[in-house]
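What follows is the content of upload.pdb (PDB, C-alpha atoms, pLDDT in the B column).
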MODEL        1
ATOM      1  CA  MET C 125      26.744   6.564  -6.892  1.00 82.00           C
ATOM      2  CA  SER C 126      23.094   6.761  -5.891  1.00 85.00           C
ATOM      3  CA  LEU C 127      20.173   5.296  -7.803  1.00 88.00           C
ATOM      4  CA  HIS C 128      16.647   6.281  -6.792  1.00 93.00           C
ATOM      5  CA  PRO C 129      13.374   5.379  -8.530  1.00 93.00           C
ATOM      6  CA  TYR C 130      11.308   8.281  -9.873  1.00 93.00           C
ATOM      7  CA  LEU C 131       7.671   7.495 -10.613  1.00 93.00           C
ATOM      8  CA  TYR C 132       5.163   9.428 -12.704  1.00 91.00           C
ATOM      9  CA  PHE C 133       1.492   9.373 -11.823  1.00 91.00           C
ATOM     10  CA  THR C 134      -1.475  11.020 -13.494  1.00 87.00           C
ATOM     11  CA  ASN C 135      -2.816  13.415 -10.865  1.00 87.00           C
ATOM     12  CA  THR C 136      -2.516  10.807  -8.074  1.00 92.00           C
ATOM     13  CA  THR C 137       1.013  11.509  -6.823  1.00 94.00           C
ATOM     14  CA  ARG C 138      -0.098  13.074  -3.540  1.00 95.00           C
ATOM     15  CA  ASP C 139      -2.395  10.135  -2.749  1.00 96.00           C
ATOM     16  CA  ALA C 140       0.125   7.491  -3.855  1.00 97.00           C
ATOM     17  CA  MET C 141       3.066   8.938  -1.960  1.00 98.00           C
ATOM     18  CA  THR C 142       0.977   9.524   1.178  1.00 98.00           C
ATOM     19  CA  THR C 143      -0.159   5.895   0.986  1.00 98.00           C
ATOM     20  CA  TYR C 144       3.432   4.696   0.572  1.00 98.00           C
ATOM     21  CA  GLN C 145       4.490   6.750   3.598  1.00 98.00           C
ATOM     22  CA  GLN C 146       1.684   5.208   5.675  1.00 98.00           C
ATOM     23  CA  ILE C 147       2.783   1.713   4.627  1.00 98.00           C
ATOM     24  CA  LEU C 148       6.567   2.103   4.585  1.00 97.00           C
ATOM     25  CA  GLY C 149       7.258   5.004   6.943  1.00 96.00           C
ATOM     26  CA  GLY C 150       9.804   7.685   6.114  1.00 97.00           C
ATOM     27  CA  THR C 151       9.595  11.429   5.747  1.00 97.00           C
ATOM     28  CA  LEU C 152       7.471  12.770   2.897  1.00 98.00           C
ATOM     29  CA  ASP C 153       7.992  16.132   1.209  1.00 96.00           C
ATOM     30  CA  ILE C 154       5.549  17.226  -1.493  1.00 96.00           C
ATOM     31  CA  MET C 155       5.899  20.325  -3.661  1.00 91.00           C
ATOM     32  CA  ASP C 156       2.903  21.321  -5.720  1.00 84.00           C
ATOM     33  CA  ALA C 157       2.692  23.919  -8.471  1.00 77.00           C
ATOM     34  CA  THR C 158       1.946  26.721  -5.984  1.00 75.00           C
ATOM     35  CA  ALA C 159       5.498  26.339  -4.610  1.00 70.00           C
ATOM     36  CA  LEU C 160       7.164  27.209  -7.919  1.00 68.00           C
ATOM     37  CA  PRO C 161       8.905  30.591  -7.938  1.00 65.00           C
ATOM     38  CA  GLU C 162       7.197  33.194 -10.091  1.00 72.00           C
ATOM     39  CA  GLY C 163       8.673  33.159 -13.562  1.00 67.00           C
ATOM     40  CA  ASP C 164       9.779  29.533 -13.174  1.00 64.00           C
ATOM     41  CA  GLU C 165       6.604  27.937 -14.464  1.00 65.00           C
ATOM     42  CA  PRO C 166       7.064  24.920 -16.756  1.00 62.00           C
ATOM     43  CA  PRO C 167       6.102  25.086 -20.440  1.00 59.00           C
ATOM     44  CA  PHE C 168       2.915  23.055 -19.918  1.00 65.00           C
ATOM     45  CA  GLU C 169      -0.386  23.651 -18.176  1.00 71.00           C
ATOM     46  CA  MET C 170      -0.726  22.270 -14.662  1.00 70.00           C
ATOM     47  CA  PRO C 171      -4.126  21.475 -13.138  1.00 72.00           C
ATOM     48  CA  ASP C 172      -4.889  22.561  -9.563  1.00 74.00           C
ATOM     49  CA  GLY C 173      -2.972  20.448  -7.059  1.00 81.00           C
ATOM     50  CA  PHE C 174      -0.416  19.282  -9.663  1.00 86.00           C
ATOM     51  CA  VAL C 175       2.557  17.742  -7.817  1.00 92.00           C
ATOM     52  CA  VAL C 176       5.832  18.875  -9.372  1.00 88.00           C
ATOM     53  CA  HIS C 177       7.970  16.781  -7.021  1.00 92.00           C
ATOM     54  CA  ALA C 178       7.528  14.410  -4.094  1.00 97.00           C
ATOM     55  CA  ALA C 179      10.237  12.629  -2.129  1.00 97.00           C
ATOM     56  CA  LEU C 180       9.810   9.865   0.436  1.00 98.00           C
ATOM     57  CA  ASN C 181      13.075   9.695   2.367  1.00 96.00           C
ATOM     58  CA  PHE C 182      13.836   6.678   4.528  1.00 94.00           C
ATOM     59  CA  GLY C 183      16.910   8.212   6.167  1.00 88.00           C
ATOM     60  CA  ASP C 184      19.284   5.405   5.223  1.00 85.00           C
ATOM     61  CA  GLY C 185      20.016   6.605   1.708  1.00 89.00           C
ATOM     62  CA  ASP C 186      16.866   5.057   0.248  1.00 93.00           C
ATOM     63  CA  LEU C 187      14.617   7.546  -1.483  1.00 96.00           C
ATOM     64  CA  LEU C 188      11.460   7.148  -3.569  1.00 97.00           C
ATOM     65  CA  MET C 189      10.562  10.135  -5.720  1.00 97.00           C
ATOM     66  CA  ALA C 190       7.583  10.970  -7.921  1.00 95.00           C
ATOM     67  CA  SER C 191       5.569  13.662  -9.643  1.00 92.00           C
ATOM     68  CA  ASP C 192       2.413  14.028 -11.645  1.00 90.00           C
ATOM     69  CA  ASP C 193       3.032  13.180 -15.290  1.00 86.00           C
ATOM     70  CA  PRO C 194       2.952  16.351 -17.379  1.00 79.00           C
ATOM     71  CA  THR C 195       1.889  14.308 -20.427  1.00 77.00           C
ATOM     72  CA  GLY C 196      -1.268  13.087 -18.662  1.00 71.00           C
ATOM     73  CA  ASP C 197      -0.620   9.673 -20.228  1.00 71.00           C
ATOM     74  CA  SER C 198      -2.555   7.642 -17.582  1.00 63.00           C
ATOM     75  CA  SER C 199      -0.962   4.373 -18.683  1.00 70.00           C
ATOM     76  CA  GLY C 200       0.609   3.499 -15.331  1.00 66.00           C
ATOM     77  CA  VAL C 201       4.146   2.318 -14.723  1.00 71.00           C
ATOM     78  CA  LYS C 202       5.192  -0.268 -17.329  1.00 77.00           C
ATOM     79  CA  GLY C 203       8.285  -2.391 -17.701  1.00 84.00           C
ATOM     80  CA  ALA C 204       9.635  -1.880 -14.181  1.00 90.00           C
ATOM     81  CA  ALA C 205       9.043  -3.010 -10.609  1.00 95.00           C
ATOM     82  CA  LEU C 206      10.042  -1.693  -7.209  1.00 96.00           C
ATOM     83  CA  ASN C 207      11.846  -4.404  -5.245  1.00 96.00           C
ATOM     84  CA  LEU C 208      11.496  -4.135  -1.471  1.00 96.00           C
ATOM     85  CA  THR C 209      13.424  -6.408   0.902  1.00 95.00           C
ATOM     86  CA  VAL C 210      12.566  -6.638   4.596  1.00 96.00           C
ATOM     87  CA  ALA C 211      14.011  -8.718   7.424  1.00 95.00           C
ATOM     88  CA  GLU C 212      10.879 -10.319   8.876  1.00 95.00           C
ATOM     89  CA  PRO C 213       8.054 -12.375   7.323  1.00 96.00           C
ATOM     90  CA  ASP C 214       5.394 -10.556   9.385  1.00 97.00           C
ATOM     91  CA  GLU C 215       6.612  -7.218   8.020  1.00 97.00           C
ATOM     92  CA  ALA C 216       6.548  -8.618   4.465  1.00 97.00           C
ATOM     93  CA  ARG C 217       2.957  -9.823   4.957  1.00 98.00           C
ATOM     94  CA  ARG C 218       1.842  -6.443   6.332  1.00 98.00           C
ATOM     95  CA  ILE C 219       3.480  -4.452   3.537  1.00 98.00           C
ATOM     96  CA  PHE C 220       2.392  -6.836   0.771  1.00 98.00           C
ATOM     97  CA  SER C 221      -1.203  -6.837   1.965  1.00 98.00           C
ATOM     98  CA  ALA C 222      -1.308  -3.036   2.166  1.00 98.00           C
ATOM     99  CA  LEU C 223       0.281  -2.571  -1.266  1.00 98.00           C
ATOM    100  CA  ALA C 224      -2.007  -5.147  -2.900  1.00 98.00           C
ATOM    101  CA  ASP C 225      -5.149  -3.597  -1.366  1.00 98.00           C
ATOM    102  CA  GLY C 226      -7.162  -2.213  -4.282  1.00 97.00           C
ATOM    103  CA  GLY C 227      -4.662  -3.609  -6.774  1.00 97.00           C
ATOM    104  CA  ALA C 228      -3.842  -7.084  -8.070  1.00 97.00           C
ATOM    105  CA  ILE C 229      -1.634  -9.890  -6.808  1.00 98.00           C
ATOM    106  CA  GLY C 230       0.701 -11.333  -9.418  1.00 97.00           C
ATOM    107  CA  MET C 231       2.343 -13.948  -7.191  1.00 98.00           C
ATOM    108  CA  GLU C 232       1.203 -14.724  -3.663  1.00 97.00           C
ATOM    109  CA  LEU C 233       3.817 -14.433  -0.940  1.00 97.00           C
ATOM    110  CA  GLY C 234       5.598 -17.743  -0.566  1.00 97.00           C
ATOM    111  CA  GLU C 235       8.945 -19.449  -0.272  1.00 95.00           C
ATOM    112  CA  THR C 236      11.268 -19.440  -3.278  1.00 95.00           C
ATOM    113  CA  PHE C 237      14.741 -20.803  -3.837  1.00 95.00           C
ATOM    114  CA  TRP C 238      16.200 -17.298  -3.274  1.00 93.00           C
ATOM    115  CA  SER C 239      14.017 -16.053  -0.450  1.00 95.00           C
ATOM    116  CA  PRO C 240      12.073 -17.423   2.517  1.00 95.00           C
ATOM    117  CA  MET C 241       9.188 -15.242   1.280  1.00 97.00           C
ATOM    118  CA  PHE C 242       8.592 -13.453  -2.032  1.00 98.00           C
ATOM    119  CA  GLY C 243       5.542 -12.094  -3.830  1.00 98.00           C
ATOM    120  CA  THR C 244       4.499  -9.574  -6.473  1.00 98.00           C
ATOM    121  CA  CYS C 245       1.573  -7.221  -6.795  1.00 98.00           C
ATOM    122  CA  VAL C 246       0.437  -4.189  -8.734  1.00 96.00           C
ATOM    123  CA  ASP C 247      -0.881  -1.524  -6.396  1.00 96.00           C
ATOM    124  CA  ARG C 248      -3.964   0.630  -6.998  1.00 96.00           C
ATOM    125  CA  TYR C 249      -1.746   3.267  -8.652  1.00 94.00           C
ATOM    126  CA  GLY C 250      -0.364   0.891 -11.287  1.00 92.00           C
ATOM    127  CA  VAL C 251       3.054   0.330  -9.684  1.00 95.00           C
ATOM    128  CA  THR C 252       4.429  -3.221  -9.620  1.00 96.00           C
ATOM    129  CA  TRP C 253       6.052  -4.270  -6.345  1.00 97.00           C
ATOM    130  CA  MET C 254       8.242  -7.258  -5.522  1.00 98.00           C
ATOM    131  CA  VAL C 255       8.332  -7.929  -1.781  1.00 98.00           C
ATOM    132  CA  ASN C 256      11.137 -10.123  -0.411  1.00 96.00           C
ATOM    133  CA  VAL C 257      12.260 -11.370   2.960  1.00 97.00           C
ATOM    134  CA  ALA C 258      16.046 -11.298   3.228  1.00 94.00           C
ATOM    135  CA  PRO C 259      17.502 -14.793   3.561  1.00 90.00           C
ATOM    136  CA  THR C 260      19.173 -15.503   6.877  1.00 83.00           C
ATOM    137  CA  PRO C 261      22.916 -16.104   6.591  1.00 76.00           C
TER     138      PRO C 261
ENDMDL
END
Encoded form using C-alpha cells:
Amino acid sequence: MSLHPYLYFTNTTRDAMTTYQQILGGTLDIMDATALPEGDEPPFEMPDGFVVHAALNFGDGDLLMASDDPTGDSSGVKGAALNLTVAEPDEARRIFSALADGGAIGMELGETFWSPMFGTCVDRYGVTWMVNVAPTP
C-alpha cells in the first residue's frame, strides 16, 4: 500500500510546490491546463496557469502531490498536518524556519518526550507542518 498526501491550493499550487522543492529537494513535475489533451477538458472553467496536477517526488517512495482547487474555495488546508521527520537537528531548524517564513509558528522547535526536537507551523500557503527529529536508538 502507498499513502501520499494530495493538497489543494487556490491558484498558488505552482508557487507552493516550487517552494517545497526548494526547501525539501526532490523532483517536481507540474502539469497545467495547457497540457490536457484536446477533448479532455474538465467540466469547470480553469483560469490561465491553472495547475491540474503537481508531484514532488523524493525518490524513496515519498511523494507530495497537489493541484489548484477547482472550487476556488480559498479556505486553506484544514483538519490535517504534514508530518516531516528528519535525522539531524540542524536540518529540522533549516526546514522549519523556511516553512514558517511568511506563515505562523504554532509550537517552537524544542525537545519533547517523543522527539529530541519537534515543532509546528502553518506555512504561507495555509498548510500545517509538524517537523520532527527522529529519536536516536
Select all residues near (11.7, 7.8, -13.1) (cut-off 8 Å, inclusive, file coordinates), counting only C-alpha atoms, and output them as a list in words.
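Result, sorted by chain then residue number: Pro129, Tyr130, Leu131, Tyr132, Met189 and Ala190 of chain C.
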Quick one: distance from CA of Val175 (chain C) to CA of Trp253 (chain C) in Å, one decimal?
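Computing it gives 22.3 Å between the two atoms.
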What would the selection look like, as a ChimeraX atom specification, if the PyMOL selection byres ((chain C and resi 260) around 9) were run on the coordinates I just shared?
/C:211,239-240,257-259,261
Next, dump the selected residues to file, keeping only C-alpha atoms, as a PDB file, keeping the file's coordinate frame.
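And here's again_7.pdb as it stands now:
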ATOM      1  CA  ALA C 211      14.011  -8.718   7.424  1.00 95.00           C
ATOM      2  CA  SER C 239      14.017 -16.053  -0.450  1.00 95.00           C
ATOM      3  CA  PRO C 240      12.073 -17.423   2.517  1.00 95.00           C
ATOM      4  CA  VAL C 257      12.260 -11.370   2.960  1.00 97.00           C
ATOM      5  CA  ALA C 258      16.046 -11.298   3.228  1.00 94.00           C
ATOM      6  CA  PRO C 259      17.502 -14.793   3.561  1.00 90.00           C
ATOM      7  CA  PRO C 261      22.916 -16.104   6.591  1.00 76.00           C
TER       8      PRO C 261
END
Could you please determine the separation between CA of Ile147 (chain C) and CA of Pro171 (chain C) in Å, to one decimal place?
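CA of Ile147 (chain C) sits 27.5 Å away from CA of Pro171 (chain C).
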Test item: the PyMOL selection byres ((chain C and resi 223) around 9) resolved as a PDB file with C-alpha atoms, keeping the file's coordinate frame:
ATOM      1  CA  THR C 143      -0.159   5.895   0.986  1.00 98.00           C
ATOM      2  CA  TYR C 144       3.432   4.696   0.572  1.00 98.00           C
ATOM      3  CA  ILE C 147       2.783   1.713   4.627  1.00 98.00           C
ATOM      4  CA  ARG C 218       1.842  -6.443   6.332  1.00 98.00           C
ATOM      5  CA  ILE C 219       3.480  -4.452   3.537  1.00 98.00           C
ATOM      6  CA  PHE C 220       2.392  -6.836   0.771  1.00 98.00           C
ATOM      7  CA  SER C 221      -1.203  -6.837   1.965  1.00 98.00           C
ATOM      8  CA  ALA C 222      -1.308  -3.036   2.166  1.00 98.00           C
ATOM      9  CA  ALA C 224      -2.007  -5.147  -2.900  1.00 98.00           C
ATOM     10  CA  ASP C 225      -5.149  -3.597  -1.366  1.00 98.00           C
ATOM     11  CA  GLY C 226      -7.162  -2.213  -4.282  1.00 97.00           C
ATOM     12  CA  GLY C 227      -4.662  -3.609  -6.774  1.00 97.00           C
ATOM     13  CA  CYS C 245       1.573  -7.221  -6.795  1.00 98.00           C
ATOM     14  CA  VAL C 246       0.437  -4.189  -8.734  1.00 96.00           C
ATOM     15  CA  ASP C 247      -0.881  -1.524  -6.396  1.00 96.00           C
ATOM     16  CA  ARG C 248      -3.964   0.630  -6.998  1.00 96.00           C
ATOM     17  CA  TRP C 253       6.052  -4.270  -6.345  1.00 97.00           C
TER      18      TRP C 253
END
Result set of the PyMOL selection byres ((chain C and resi 137-142) around 10) on the coordinates above, as number ranges by chain:
C: 131-136, 143-149, 151-156, 173-180, 188-193, 247-251
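Those residues positioned at most 10 Å from (2.9, -13.8, -7.1) are Ala228, Ile229, Gly230, Met231, Glu232, Leu233, Gly234, Phe242, Gly243, Thr244, Cys245, Met254 and Val255 of chain C, judged using only C-alpha atoms.
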Could you state the separation of CA of Gly203 (chain C) and CA of Glu235 (chain C) in Å, given to one decimal place?
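CA of Glu235 (chain C) lies 24.4 Å from CA of Gly203 (chain C).
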With only C-alpha atoms as the basis for distance, which of C:Lys202, C:Asn256, C:Gly150, C:His128 is at the shortest distance from Gly183 (chain C)?
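Looking at the shortest contact to Gly183 (chain C), the residue is C:Gly150.
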Give the answer as one residue: which of C:Thr236, C:Ser199, C:Thr209, C:Thr158 has the shortest atom-to-atom distance to Asp186 (chain C), using all atoms listed in the file?
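Counting all atoms listed in the file, the residue closest to Asp186 (chain C) is C:Thr209.
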Put a box with edges along x, y and z around all the listed atoms of region 156-159 of chain C, pad it by 3 Å on each side, then give me its centre and sizes in Å, one decimal, as JSON.
{"center_x": 3.7, "center_y": 24.0, "center_z": -6.5, "size_x": 9.6, "size_y": 11.4, "size_z": 9.9}
